[in-house]
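Trainee: Coordinates in input_12.txt, compact mmCIF, C-alpha atoms and all ligand atoms, are listed below.
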# COMPACT_ATOMS: atom_id res chain seq x y z
CA MET D 1 0.00 0.00 0.00
CA ASN D 2 1.23 3.46 -0.80
CA ARG D 3 1.77 5.62 2.24
CA LYS D 4 0.98 9.32 2.39
CA ILE D 5 3.81 11.32 3.85
CA ILE D 6 3.94 15.06 4.39
CA HIS D 7 7.17 16.91 5.12
CA ILE D 8 6.82 20.38 6.58
CA ASP D 9 9.74 22.79 6.86
CA MET D 10 9.51 26.37 8.07
CA ASP D 11 11.05 29.00 5.77
CA ALA D 12 14.13 30.85 7.05
CA PHE D 13 12.83 29.85 10.45
CA TYR D 14 14.74 31.99 13.00
CA ALA D 15 14.80 34.96 10.64
CA SER D 16 11.06 34.70 9.96
CA VAL D 17 10.33 34.76 13.69
CA GLU D 18 12.44 37.92 14.03
CA ILE D 19 10.70 39.59 11.09
CA ARG D 20 7.28 38.66 12.45
CA ASP D 21 8.14 40.20 15.80
CA ASN D 22 9.58 43.35 14.23
CA PRO D 23 7.75 44.11 10.97
CA LYS D 24 10.22 46.90 10.14
CA LEU D 25 12.54 44.09 9.07
CA GLN D 26 10.12 42.95 6.37
CA GLY D 27 11.78 42.74 2.95
CA LYS D 28 15.24 43.38 4.37
CA PRO D 29 18.33 41.16 4.45
CA VAL D 30 18.12 39.82 7.98
CA ILE D 31 20.80 37.58 9.46
CA VAL D 32 20.32 35.70 12.73
CA GLY D 33 23.57 34.65 14.35
CA GLY D 34 26.69 35.97 15.97
CA SER D 35 27.99 39.50 15.80
CA PRO D 36 29.42 40.64 12.44
CA TYR D 37 32.45 42.00 14.29
CA LYS D 38 33.30 38.85 16.19
CA ARG D 39 34.03 35.30 15.23
CA GLY D 40 30.48 34.07 14.98
CA VAL D 41 28.45 32.17 12.41
CA VAL D 42 25.19 32.71 10.60
CA CYS D 43 22.38 30.54 12.02
CA THR D 44 20.11 31.47 9.15
CA CYS D 45 19.10 34.47 7.09
CA SER D 46 16.07 35.83 5.28
CA TYR D 47 15.61 35.02 1.61
CA GLU D 48 16.57 38.63 0.80
CA ALA D 49 19.95 37.99 2.42
CA ARG D 50 20.35 34.74 0.51
CA LYS D 51 20.46 36.74 -2.72
CA TYR D 52 23.89 37.94 -1.59
CA GLY D 53 25.14 34.39 -1.26
CA ILE D 54 24.73 34.28 2.49
CA HIS D 55 23.80 30.96 4.08
CA SER D 56 23.69 29.02 7.36
CA ALA D 57 27.02 28.24 9.03
CA MET D 58 28.87 30.96 7.08
CA ALA D 59 31.19 33.19 9.15
CA THR D 60 29.39 36.43 10.03
CA GLN D 61 32.52 38.36 9.02
CA ILE D 62 32.15 37.04 5.48
CA ALA D 63 28.40 37.66 5.51
CA VAL D 64 28.85 41.34 6.39
CA LYS D 65 31.31 41.73 3.53
CA ARG D 66 28.85 40.21 1.08
CA CYS D 67 26.01 42.37 2.32
CA PRO D 68 27.09 45.42 4.35
CA ASN D 69 23.44 46.51 4.72
CA ALA D 70 22.40 43.29 6.38
CA ILE D 71 20.70 43.54 9.75
CA PHE D 72 22.28 41.21 12.31
CA ILE D 73 20.16 39.84 15.13
CA HIS D 74 21.16 37.66 18.07
CA PRO D 75 19.10 34.49 18.30
CA ARG D 76 16.19 34.35 20.76
CA PHE D 77 15.88 30.63 21.22
CA GLU D 78 12.87 30.88 23.50
CA ALA D 79 10.83 32.46 20.74
CA TYR D 80 11.89 29.73 18.28
CA HIS D 81 11.05 27.00 20.76
CA LYS D 82 7.63 28.51 21.29
CA ALA D 83 6.91 28.56 17.56
CA SER D 84 8.25 25.02 17.30
CA ARG D 85 5.87 23.80 19.98
CA GLN D 86 2.99 25.55 18.27
CA ILE D 87 3.61 23.86 14.94
CA ARG D 88 4.08 20.46 16.60
CA ASP D 89 0.76 20.84 18.37
CA ILE D 90 -0.82 21.44 14.96
CA PHE D 91 0.83 18.29 13.54
CA TYR D 92 -0.55 16.16 16.37
CA GLU D 93 -4.05 17.34 15.53
CA TYR D 94 -3.66 15.33 12.34
CA THR D 95 -1.64 12.25 13.27
CA ASN D 96 0.36 10.65 16.07
CA LEU D 97 2.97 9.64 13.52
CA VAL D 98 4.99 12.85 13.68
CA GLU D 99 8.76 12.65 13.38
CA PRO D 100 10.44 15.99 14.09
CA LEU D 101 13.87 16.37 12.48
CA SER D 102 14.63 19.67 14.13
CA LEU D 103 12.76 22.60 15.65
CA ASP D 104 11.33 23.64 12.30
CA GLU D 105 10.68 20.48 10.33
CA ALA D 106 8.90 17.17 10.65
CA TYR D 107 7.60 14.22 8.71
CA LEU D 108 3.96 13.30 9.15
CA ASP D 109 2.50 9.98 8.09
CA VAL D 110 -1.12 10.81 7.28
CA THR D 111 -2.02 7.50 5.59
CA THR D 112 -4.60 7.28 8.32
CA ASN D 113 -5.24 10.49 10.17
CA HIS D 114 -7.41 11.95 12.90
CA LYS D 115 -9.45 13.94 10.37
CA ASN D 116 -10.26 10.94 8.20
CA ILE D 117 -9.35 12.97 5.15
CA LYS D 118 -8.02 10.87 2.29
CA SER D 119 -6.31 13.59 0.31
CA ALA D 120 -2.82 14.28 1.62
CA THR D 121 -2.73 17.40 -0.55
CA LEU D 122 -5.75 18.78 1.21
CA LEU D 123 -4.30 17.93 4.60
CA ALA D 124 -0.96 19.57 3.81
CA LYS D 125 -2.70 22.73 2.63
CA GLU D 126 -4.80 22.79 5.75
CA ILE D 127 -1.72 22.35 7.94
CA LEU D 128 0.09 25.20 6.18
CA ALA D 129 -2.92 27.47 6.62
CA LYS D 130 -3.11 26.58 10.30
CA ILE D 131 0.58 27.28 10.80
CA LYS D 132 0.13 30.66 9.16
CA LYS D 133 -2.88 31.50 11.27
CA LYS D 134 -1.39 30.37 14.57
CA THR D 135 2.19 31.59 14.15
CA GLN D 136 2.11 34.11 11.27
CA LEU D 137 5.17 32.30 9.93
CA PRO D 138 5.84 31.00 6.42
CA ALA D 139 6.34 27.29 5.81
CA SER D 140 6.70 24.86 2.91
CA ALA D 141 5.20 21.42 2.46
CA GLY D 142 6.04 18.40 0.38
CA VAL D 143 3.67 15.51 -0.17
CA SER D 144 4.57 12.09 -1.47
CA TYR D 145 4.60 8.38 -0.73
CA ASN D 146 7.91 8.24 1.11
CA LYS D 147 10.15 10.38 3.28
CA PHE D 148 12.84 11.02 0.71
CA LEU D 149 10.43 12.38 -1.89
CA ALA D 150 8.36 14.35 0.61
CA LYS D 151 11.51 16.04 1.88
CA ILE D 152 12.70 16.94 -1.62
CA ALA D 153 9.23 18.18 -2.50
CA SER D 154 9.07 20.55 0.47
CA ASP D 155 12.39 22.06 -0.57
CA TYR D 156 11.43 22.41 -4.22
CA ASN D 157 9.55 25.72 -4.24
CA LYS D 158 10.72 27.33 -1.02
CA PRO D 159 9.69 29.77 0.48
CA ASN D 160 5.92 29.30 0.80
CA GLY D 161 6.43 26.20 -1.27
CA PHE D 162 4.06 23.38 -2.00
CA LYS D 163 4.71 20.33 -4.10
CA VAL D 164 3.11 16.96 -4.52
CA ILE D 165 4.94 14.05 -6.14
CA ILE D 166 2.60 11.19 -6.94
CA PRO D 167 4.00 7.70 -7.58
CA GLU D 168 3.53 8.01 -11.35
CA GLN D 169 5.61 11.20 -11.45
CA ALA D 170 8.47 10.08 -9.25
CA SER D 171 10.60 8.37 -11.86
CA GLU D 172 10.66 11.27 -14.32
CA PHE D 173 11.03 13.83 -11.55
CA LEU D 174 14.07 12.09 -10.09
CA GLU D 175 15.69 11.45 -13.47
CA ASN D 176 15.74 15.18 -14.15
CA LEU D 177 16.70 16.25 -10.67
CA ASP D 178 20.18 17.65 -10.06
CA ILE D 179 22.18 15.28 -7.91
CA LYS D 180 22.94 18.18 -5.56
CA LYS D 181 19.26 18.31 -4.66
CA PHE D 182 19.11 14.68 -3.55
CA TYR D 183 18.62 14.78 0.19
CA GLY D 184 21.13 12.37 1.68
CA ILE D 185 23.81 12.86 -0.96
CA GLY D 186 26.39 15.07 0.72
CA LYS D 187 28.68 17.62 -0.88
CA LYS D 188 31.71 15.34 -0.94
CA THR D 189 29.73 12.57 -2.58
CA VAL D 190 28.40 15.00 -5.17
CA LYS D 191 32.00 15.86 -6.10
CA ILE D 192 32.85 12.21 -6.54
CA MET D 193 29.69 11.64 -8.56
CA HIS D 194 30.64 14.50 -10.86
CA GLN D 195 33.92 12.72 -11.52
CA TYR D 196 31.87 9.76 -12.72
CA ASN D 197 29.70 11.98 -14.91
CA ILE D 198 26.75 11.75 -12.60
CA TYR D 199 24.97 15.12 -12.64
CA LYS D 200 21.31 14.17 -12.66
CA GLY D 201 19.21 11.30 -11.46
CA LYS D 202 19.22 9.73 -14.90
CA ASP D 203 23.04 9.56 -14.82
CA LEU D 204 22.95 7.90 -11.41
CA LYS D 205 20.46 5.34 -12.70
CA LYS D 206 23.02 4.05 -15.19
CA TYR D 207 25.07 2.57 -12.37
CA SER D 208 24.24 -0.85 -11.00
CA ARG D 209 23.80 -1.54 -7.32
CA VAL D 210 27.10 -3.42 -7.25
CA GLN D 211 28.91 -0.52 -8.90
CA LEU D 212 27.45 2.02 -6.47
CA VAL D 213 28.33 -0.11 -3.47
CA SER D 214 31.88 -0.52 -4.72
CA LEU D 215 32.12 3.27 -5.15
CA PHE D 216 30.31 4.45 -2.02
CA GLY D 217 30.17 1.51 0.35
CA LYS D 218 26.87 0.78 2.12
CA MET D 219 25.45 4.17 1.07
CA GLY D 220 25.58 2.92 -2.52
CA ASN D 221 22.52 0.81 -1.73
CA PHE D 222 20.67 3.88 -0.51
CA TYR D 223 21.59 5.89 -3.62
CA TYR D 224 20.53 3.01 -5.86
CA ASP D 225 17.11 2.90 -4.19
CA ILE D 226 16.32 6.59 -3.81
CA VAL D 227 16.96 7.41 -7.45
CA ARG D 228 14.27 4.83 -8.20
CA GLY D 229 11.93 6.46 -5.70
CA ILE D 230 12.35 3.64 -3.19
CA ASP D 231 12.59 4.61 0.46
CA LEU D 232 10.92 2.31 2.94
CA ARG D 233 11.97 4.16 6.10
CA GLU D 234 8.99 4.62 8.37
CA VAL D 235 7.89 7.84 9.96
CA THR D 236 8.51 7.09 13.58
CA ASN D 237 7.42 8.91 16.69
CA LYS D 238 9.35 6.52 18.87
CA ARG D 239 11.80 9.03 20.13
CA GLU D 240 13.47 7.58 23.20
CA ARG D 241 11.46 9.57 25.62
CA LYS D 242 12.24 8.84 29.22
CA SER D 243 9.96 11.36 30.85
CA TYR D 244 7.46 14.09 30.19
CA GLY D 245 7.46 16.99 32.60
CA LYS D 246 7.09 20.66 33.26
CA GLU D 247 8.12 23.01 36.01
CA THR D 248 7.46 26.56 37.14
CA THR D 249 9.67 28.96 38.99
CA PHE D 250 7.63 31.50 40.95
CA GLU D 251 8.32 35.19 40.72
CA GLU D 252 8.44 35.28 44.50
CA ASP D 253 8.80 32.46 47.01
CA ILE D 254 5.39 31.12 48.09
CA LEU D 255 4.28 29.72 51.42
CA SER D 256 0.56 29.24 50.80
CA LYS D 257 -0.24 25.58 50.21
CA ASP D 258 -3.32 26.51 48.19
CA ARG D 259 -1.43 28.77 45.84
CA ILE D 260 1.29 26.20 45.31
CA PHE D 261 -1.25 23.46 44.72
CA THR D 262 -3.02 25.63 42.13
CA GLU D 263 0.28 25.95 40.25
CA ILE D 264 0.91 22.22 40.49
CA ALA D 265 -2.58 21.55 39.16
CA LYS D 266 -1.95 23.90 36.23
CA ILE D 267 1.28 22.15 35.28
CA THR D 268 -0.36 18.75 35.63
CA SER D 269 -3.21 19.75 33.40
CA LEU D 270 -0.74 20.88 30.71
CA ILE D 271 1.16 17.61 31.02
CA ALA D 272 -2.02 15.54 30.70
CA GLU D 273 -3.10 17.55 27.68
CA GLY D 274 0.32 17.26 26.02
CA MET D 275 0.58 13.54 26.63
CA GLN D 276 -2.92 12.93 25.34
CA LYS D 277 -2.08 14.84 22.17
CA GLU D 278 1.07 12.82 21.62
CA GLY D 279 -0.70 9.59 22.51
CA ILE D 280 1.75 8.64 25.26
CA LYS D 281 1.26 7.48 28.83
CA GLY D 282 3.44 7.21 31.90
CA ARG D 283 3.43 5.19 35.09
CA THR D 284 5.72 6.93 37.57
CA ILE D 285 4.83 10.39 38.79
CA THR D 286 7.46 12.61 40.33
CA LEU D 287 6.92 15.87 42.16
CA LYS D 288 9.91 18.17 42.42
CA VAL D 289 10.04 20.98 44.94
CA LYS D 290 12.75 23.57 45.35
CA TYR D 291 12.51 25.53 48.58
CA TYR D 292 13.45 29.18 49.06
CA ASP D 293 16.91 28.12 50.27
CA PHE D 294 17.50 26.15 47.02
CA GLN D 295 17.18 22.83 48.80
CA GLN D 296 15.57 20.50 46.26
CA ILE D 297 13.62 17.33 46.89
CA THR D 298 11.70 14.88 44.70
CA ARG D 299 8.92 12.54 45.73
CA SER D 300 7.73 9.74 43.42
CA ILE D 301 4.97 7.21 43.19
CA SER D 302 4.42 4.41 40.69
CA LEU D 303 0.87 3.66 39.62
CA GLU D 304 -0.52 0.27 38.75
CA ASN D 305 -1.45 1.33 35.25
CA TYR D 306 -0.06 3.67 32.64
CA THR D 307 -1.96 6.93 32.50
CA ASN D 308 -2.29 10.29 30.84
CA SER D 309 -5.43 11.24 32.75
CA TYR D 310 -5.36 14.50 34.68
CA GLN D 311 -7.50 13.09 37.49
CA GLU D 312 -5.32 10.04 38.05
CA MET D 313 -2.20 12.19 38.08
CA ILE D 314 -3.55 14.79 40.47
CA ASP D 315 -4.84 12.12 42.88
CA ALA D 316 -1.33 10.72 43.10
CA ILE D 317 0.19 14.17 43.45
CA ILE D 318 -2.03 14.98 46.44
CA LEU D 319 -0.34 12.06 48.20
CA LEU D 320 3.08 13.28 47.14
CA VAL D 321 2.46 16.83 48.38
CA LYS D 322 1.89 15.38 51.86
CA LYS D 323 5.43 14.04 51.79
CA THR D 324 6.90 17.53 51.33
CA GLU D 325 7.16 20.65 53.46
CA ILE D 326 4.83 22.60 51.18
CA GLY D 327 2.83 24.99 53.39
CA ARG D 328 5.55 25.03 56.05
CA LYS D 329 8.54 26.19 54.07
CA LYS D 330 8.56 28.78 51.28
CA VAL D 331 8.84 27.31 47.80
CA ARG D 332 10.51 28.82 44.73
CA LEU D 333 9.92 26.08 42.15
CA VAL D 334 7.61 23.14 41.58
CA GLY D 335 7.76 20.54 38.85
CA VAL D 336 5.83 17.45 37.83
CA ALA D 337 7.11 14.69 35.58
CA LEU D 338 5.82 11.37 34.32
CA SER D 339 8.34 8.67 33.54
CA LEU D 340 8.23 5.11 32.28
CA ILE D 341 6.65 6.38 29.12
CA ILE D 342 4.95 4.15 26.57
CA GLU D 343 3.41 5.02 23.24
CA GLY D 344 -0.35 4.82 23.10
CA LYS D 345 -1.86 2.47 20.57
CA LEU D 346 -0.74 3.70 17.19
CA GLN D 347 -3.51 3.94 14.72
CA ALA D 348 -3.75 0.64 12.96
CA ILE D 349 -3.54 0.86 9.22
CA GLN D 350 -6.58 -1.10 8.20
CA LEU D 351 -7.52 -0.78 4.60
CA LYS D 352 -5.73 -0.94 1.32
CA LEU D 353 -6.60 2.57 0.24
CA PRO D 354 -6.01 4.01 -3.17
CA PHE D 355 -3.45 6.80 -3.27
CA ILE D 356 -5.68 9.84 -3.43
CA TYR D 357 -4.18 13.30 -3.67
P1 LIG D 401 16.74 25.06 8.16
O1 LIG D 401 15.36 24.52 8.00
O2 LIG D 401 17.86 24.28 7.56
O3 LIG D 401 16.80 26.52 7.53
P2 LIG D 401 15.76 27.70 7.55
O4 LIG D 401 14.45 27.27 8.11
O5 LIG D 401 16.38 28.87 8.21
O6 LIG D 401 15.59 28.04 6.01
P3 LIG D 401 14.85 27.20 4.89
O7 LIG D 401 14.30 25.96 5.52
O8 LIG D 401 13.80 28.12 4.35
O9 LIG D 401 15.91 26.89 3.88
O10 LIG D 401 17.08 25.26 9.68
C1 LIG D 401 16.10 25.67 10.63
C2 LIG D 401 16.72 26.58 11.66
O11 LIG D 401 17.81 25.94 12.32
C3 LIG D 401 17.30 27.84 11.09
O12 LIG D 401 16.33 28.88 10.97
C4 LIG D 401 18.40 28.19 12.05
C5 LIG D 401 18.85 26.87 12.60
N1 LIG D 401 20.12 26.47 11.99
C6 LIG D 401 21.31 26.84 12.61
O13 LIG D 401 21.30 27.45 13.68
N2 LIG D 401 22.49 26.49 12.01
C7 LIG D 401 22.56 25.82 10.82
O14 LIG D 401 23.66 25.56 10.30
C8 LIG D 401 21.32 25.45 10.18
C9 LIG D 401 21.35 24.72 8.86
C10 LIG D 401 20.14 25.80 10.80
MG MG D 402 13.52 25.50 7.51
Do you think you could lay out the structure here as structure tokens?
Ligand code: TTP
Ligand code: MG

Mentor:
Amino acid sequence: MNRKIIHIDMDAFYASVEIRDNPKLQGKPVIVGGSPYKRGVVCTCSYEARKYGIHSAMATQIAVKRCPNAIFIHPRFEAYHKASRQIRDIFYEYTNLVEPLSLDEAYLDVTTNHKNIKSATLLAKEILAKIKKKTQLPASAGVSYNKFLAKIASDYNKPNGFKVIIPEQASEFLENLDIKKFYGIGKKTVKIMHQYNIYKGKDLKKYSRVQLVSLFGKMGNFYYDIVRGIDLREVTNKRERKSYGKETTFEEDILSKDRIFTEIAKITSLIAEGMQKEGIKGRTITLKVKYYDFQQITRSISLENYTNSYQEMIDAIILLVKKTEIGRKKVRLVGVALSLIIEGKLQAIQLKLPFIY
């Protein structure tokens, strides 16, 4: 059965967040990274800055030479993390099979999805619109039947890109694609391929599996497959997640048991909500308390069953609070975490569905 994979990648991510938060930067060459006068590097830059040949990981001293008018901004990671969480929350509205590759990109397997929508094109468009509405940030999407093609598709028309590659188009698309654009073929390999007259997919296709393995080792197998549109890697949400938790540091130290409990309840409710969205459950609940004098304690309890229910968590936490000095000693921080995490039941793929775009 053909899968339906969407790859979403935010455009000029850090720079777009900066431009959104300071509209005066709109249309200008914006560089997020180190200072242009020190030995720093470019994290990313706006598409306007890219016209000057500036790119990620370039020394800022070179960037400023290429574009003296560029506006340099120090990264604000908190803002990027916030946007990243927002887009992930949107992804989980559609499927549990979300595989983030970094803060700004993820694969989604929407073969079956929470909306019961068959068209992956429609879903991808809806996701892009939601991202725009929620974050006011630009993103690109690629839709295809495997990860490799979905990733290439999302990169194809950036920024604000959208591309679908259906199975019938894959062969021709890949034959005409520049080898440099093949995700997974690094710069050094491209150089070697050029020496063997491999510039496009169709040139790569002339080499047998045995030849490619003898040239590139194990990776030769991968190259042989991807140029034929074969990539069986699954979208996996099985990140090794050991715990799921949140904590709050109070603006001032608090003595009141009620006030502290209200904060604990808030955190717990966010944890329950987050875990339910991701379809994960935990069995051990830990309460962390840091007192005004920075003394820190943790109290844990293991439940009989795995849970992501707010009520079950809070019932256990009430017992844990009794084992602390909350109410008797001022508190500066509280945290709650669930560990022994398991994935919830992944949606079973039931039917042999036609590949509808
Ligand atoms: P990318 O998705 O590679 O780049 P981008 O989102 O800035 O631009 P686009 O996808 O439109 O080509 O990386 C996402 C963010 O990760 C990027 O905004 C900044 C950060 N990053 C670095 O800090 N250093 C790097 O070398 C790279 C590649 C990215
Ligand atoms: Mg990006």

Trainee: With a distance cut-off of 7 Å and only C-alpha atoms, select the neighbouring residues of stretch 293-299 of chain D, excluding the residue or stretch itself and same-chain residues fewer than 6 positions from it, and output the selection as a PDB file with C-alpha atoms, in the coordinates of the input.

Mentor:
ATOM      1  CA  THR D 286       7.460  12.610  40.330  1.00  0.00           C
ATOM      2  CA  LEU D 287       6.920  15.870  42.160  1.00  0.00           C
ATOM      3  CA  LEU D 320       3.080  13.280  47.140  1.00  0.00           C
TER       4      LEU D 320
END

Trainee: Considering only C-alpha atoms and all ligand atoms, state which residue in the set D:Arg39, D:Arg233, D:Lys158, D:Lys130 is at the smallest distance from ligand MG 402 (chain D).

Mentor: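 Among the listed residues, D:Lys158 lies closest to ligand MG 402 (chain D).
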
Trainee: Between chain D and ligand MG 402 (chain D), at 9 Å or less, what are the per-residue closest atom pairs and their distances in Å? Count all atoms listed in the file, order by chain and rising residue number, and return it as a tab-separated table.

Mentor:
residue	atom	partner	partner_atom	distance
D:Ile8	CA	D:MG402	MG	8.5
D:Asp9	CA	D:MG402	MG	4.7
D:Met10	CA	D:MG402	MG	4.1
D:Asp11	CA	D:MG402	MG	4.6
D:Ala12	CA	D:MG402	MG	5.4
D:Phe13	CA	D:MG402	MG	5.3
D:Tyr14	CA	D:MG402	MG	8.6
D:Ser102	CA	D:MG402	MG	8.9
D:Leu103	CA	D:MG402	MG	8.7
D:Asp104	CA	D:MG402	MG	5.6
D:Glu105	CA	D:MG402	MG	6.4
D:Ala139	CA	D:MG402	MG	7.6
D:Ser140	CA	D:MG402	MG	8.3
D:Asp155	CA	D:MG402	MG	8.9

Trainee: Find the distance between atom CA of D:Ile192 and atom CA of D:Tyr207 and write it in Å to one decimal.

Mentor: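 Between atom CA of D:Ile192 and atom CA of D:Tyr207 the gap is 13.7 Å.
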
Trainee: Do you know which residues are at most 10 Å from D:Ile230 counting all atoms listed in the file, after dropping those on the same chain fewer than 4 positions away, and could you put them as number ranges by chain?

Mentor: D: 145-149, 170, 222-226

Trainee: Rounded to one decimal, what separation in Å do you get between atom CA of D:Ala124 and atom CA of D:Val143?

Mentor: 7.3 Å

Trainee: Step by step, gather every atom of ligand LIG 401 (chain D) that the file lists, find the box along x, y and z that holds them, add 3 Å on each side, and finally give centre and edge lengths in Å to one decimal, as AutoDock Vina command-line options.

Mentor:
--center_x 18.7 --center_y 26.6 --center_z 8.8 --size_x 15.9 --size_y 10.6 --size_z 15.8

Trainee: To one decimal place, how far is atom CA of D:Asn116 from atom CA of D:Ile6 in Å?

Mentor: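 Separating atom CA of D:Asn116 from atom CA of D:Ile6 is a distance of 15.3 Å.
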
Trainee: Between D:Leu215, D:Ile260, D:Val331, D:Val227, which is the closest to D:Phe173 once you count only C-alpha atoms?

Mentor: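 Smallest distance to D:Phe173 is found for D:Val227.
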
Trainee: So, counting all atoms listed in the file, which residue among D:Glu325, D:Ile54, D:Lys266, D:Leu338 is closest to D:Thr284?

Mentor: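 Of D:Glu325, D:Ile54, D:Lys266, D:Leu338, the one nearest D:Thr284, counting all atoms listed in the file, is D:Leu338.
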
Trainee: List the neighbours of D:Lys125 out to 12 Å using all atoms listed in the file; skip same-chain residues closer than 2 positions along the sequence, and give me the result as a list in words.

Mentor: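 My reading of the contact set: Ile6, His7, Ile8, Ser119, Ala120, Thr121, Leu122, Leu123, Ile127, Leu128, Ala129, Lys130, Ile131, Lys132, Ala139, Ser140, Ala141, Gly142, Val143, Asn160, Gly161, Phe162, Lys163, Val164 and Tyr357 of chain D.
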
Trainee: Using all atoms listed in the file, which residues sit within 10 Å of D:Gly27 once same-chain residues fewer than 4 positions away are excluded, as a list in words?

Mentor: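 Residues meeting the cut-off are Ile19, Pro23, Ser46, Tyr47, Glu48 and Ala49 of chain D.
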
Trainee: Using only C-alpha atoms and all ligand atoms, which residue out of D:Asn69, D:Ser35, D:Thr112, D:Ser154 lies closest to ligand LIG 401 (chain D)?

Mentor: D:Ser154

Trainee: I'd like to know which of D:Pro138, D:Pro68, D:Gly229, D:Pro167 is closest to ligand LIG 401 (chain D), using only C-alpha atoms and all ligand atoms.

Mentor: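 Closest to ligand LIG 401 (chain D), using only C-alpha atoms and all ligand atoms: D:Pro138.
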
Trainee: My list of candidates is D:Asn176, D:Gln136, D:Asn157, D:Asn2. Which is closest to ligand LIG 401 (chain D) when distances are computed with only C-alpha atoms and all ligand atoms?

Mentor: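 For ligand LIG 401 (chain D), the nearest of the candidates is D:Asn157.
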
Trainee: If we draw a sphere of 10 Å around (21.7, 19.0, -10.1), which residues have at least one atom in it when counting only C-alpha atoms? Please report them as JSON, numbers by chain.

Mentor: {"D": [176, 177, 178, 179, 180, 181, 182, 190, 198, 199, 200, 201]}

Trainee: Output the selection as a short mmCIF file (atom, residue, chain, number, x, y, z; two decimals), in the coordinates of the input - C-alpha atoms for each residue.

Mentor:
data_model
loop_
_atom_site.label_atom_id
_atom_site.label_comp_id
_atom_site.auth_asym_id
_atom_site.auth_seq_id
_atom_site.Cartn_x
_atom_site.Cartn_y
_atom_site.Cartn_z
CA ASN D 176 15.74 15.18 -14.15
CA LEU D 177 16.70 16.25 -10.67
CA ASP D 178 20.18 17.65 -10.06
CA ILE D 179 22.18 15.28 -7.91
CA LYS D 180 22.94 18.18 -5.56
CA LYS D 181 19.26 18.31 -4.66
CA PHE D 182 19.11 14.68 -3.55
CA VAL D 190 28.40 15.00 -5.17
CA ILE D 198 26.75 11.75 -12.60
CA TYR D 199 24.97 15.12 -12.64
CA LYS D 200 21.31 14.17 -12.66
CA GLY D 201 19.21 11.30 -11.46
#

Trainee: Can you tell me, as a ChimeraX atom specification, what residues are no more than 10 Å from D:Thr249 when counting all atoms listed in the file, ignoring any on the same chain fewer than 3 positions away?

Mentor: /D:252-253,263,289-290,331-335

Trainee: I need every residue sitting at most 8 Å from the point (9.8, 29.3, 17.6) (coordinates as in the file, only C-alpha atoms considered), written as a count of residues only.

Mentor: 15
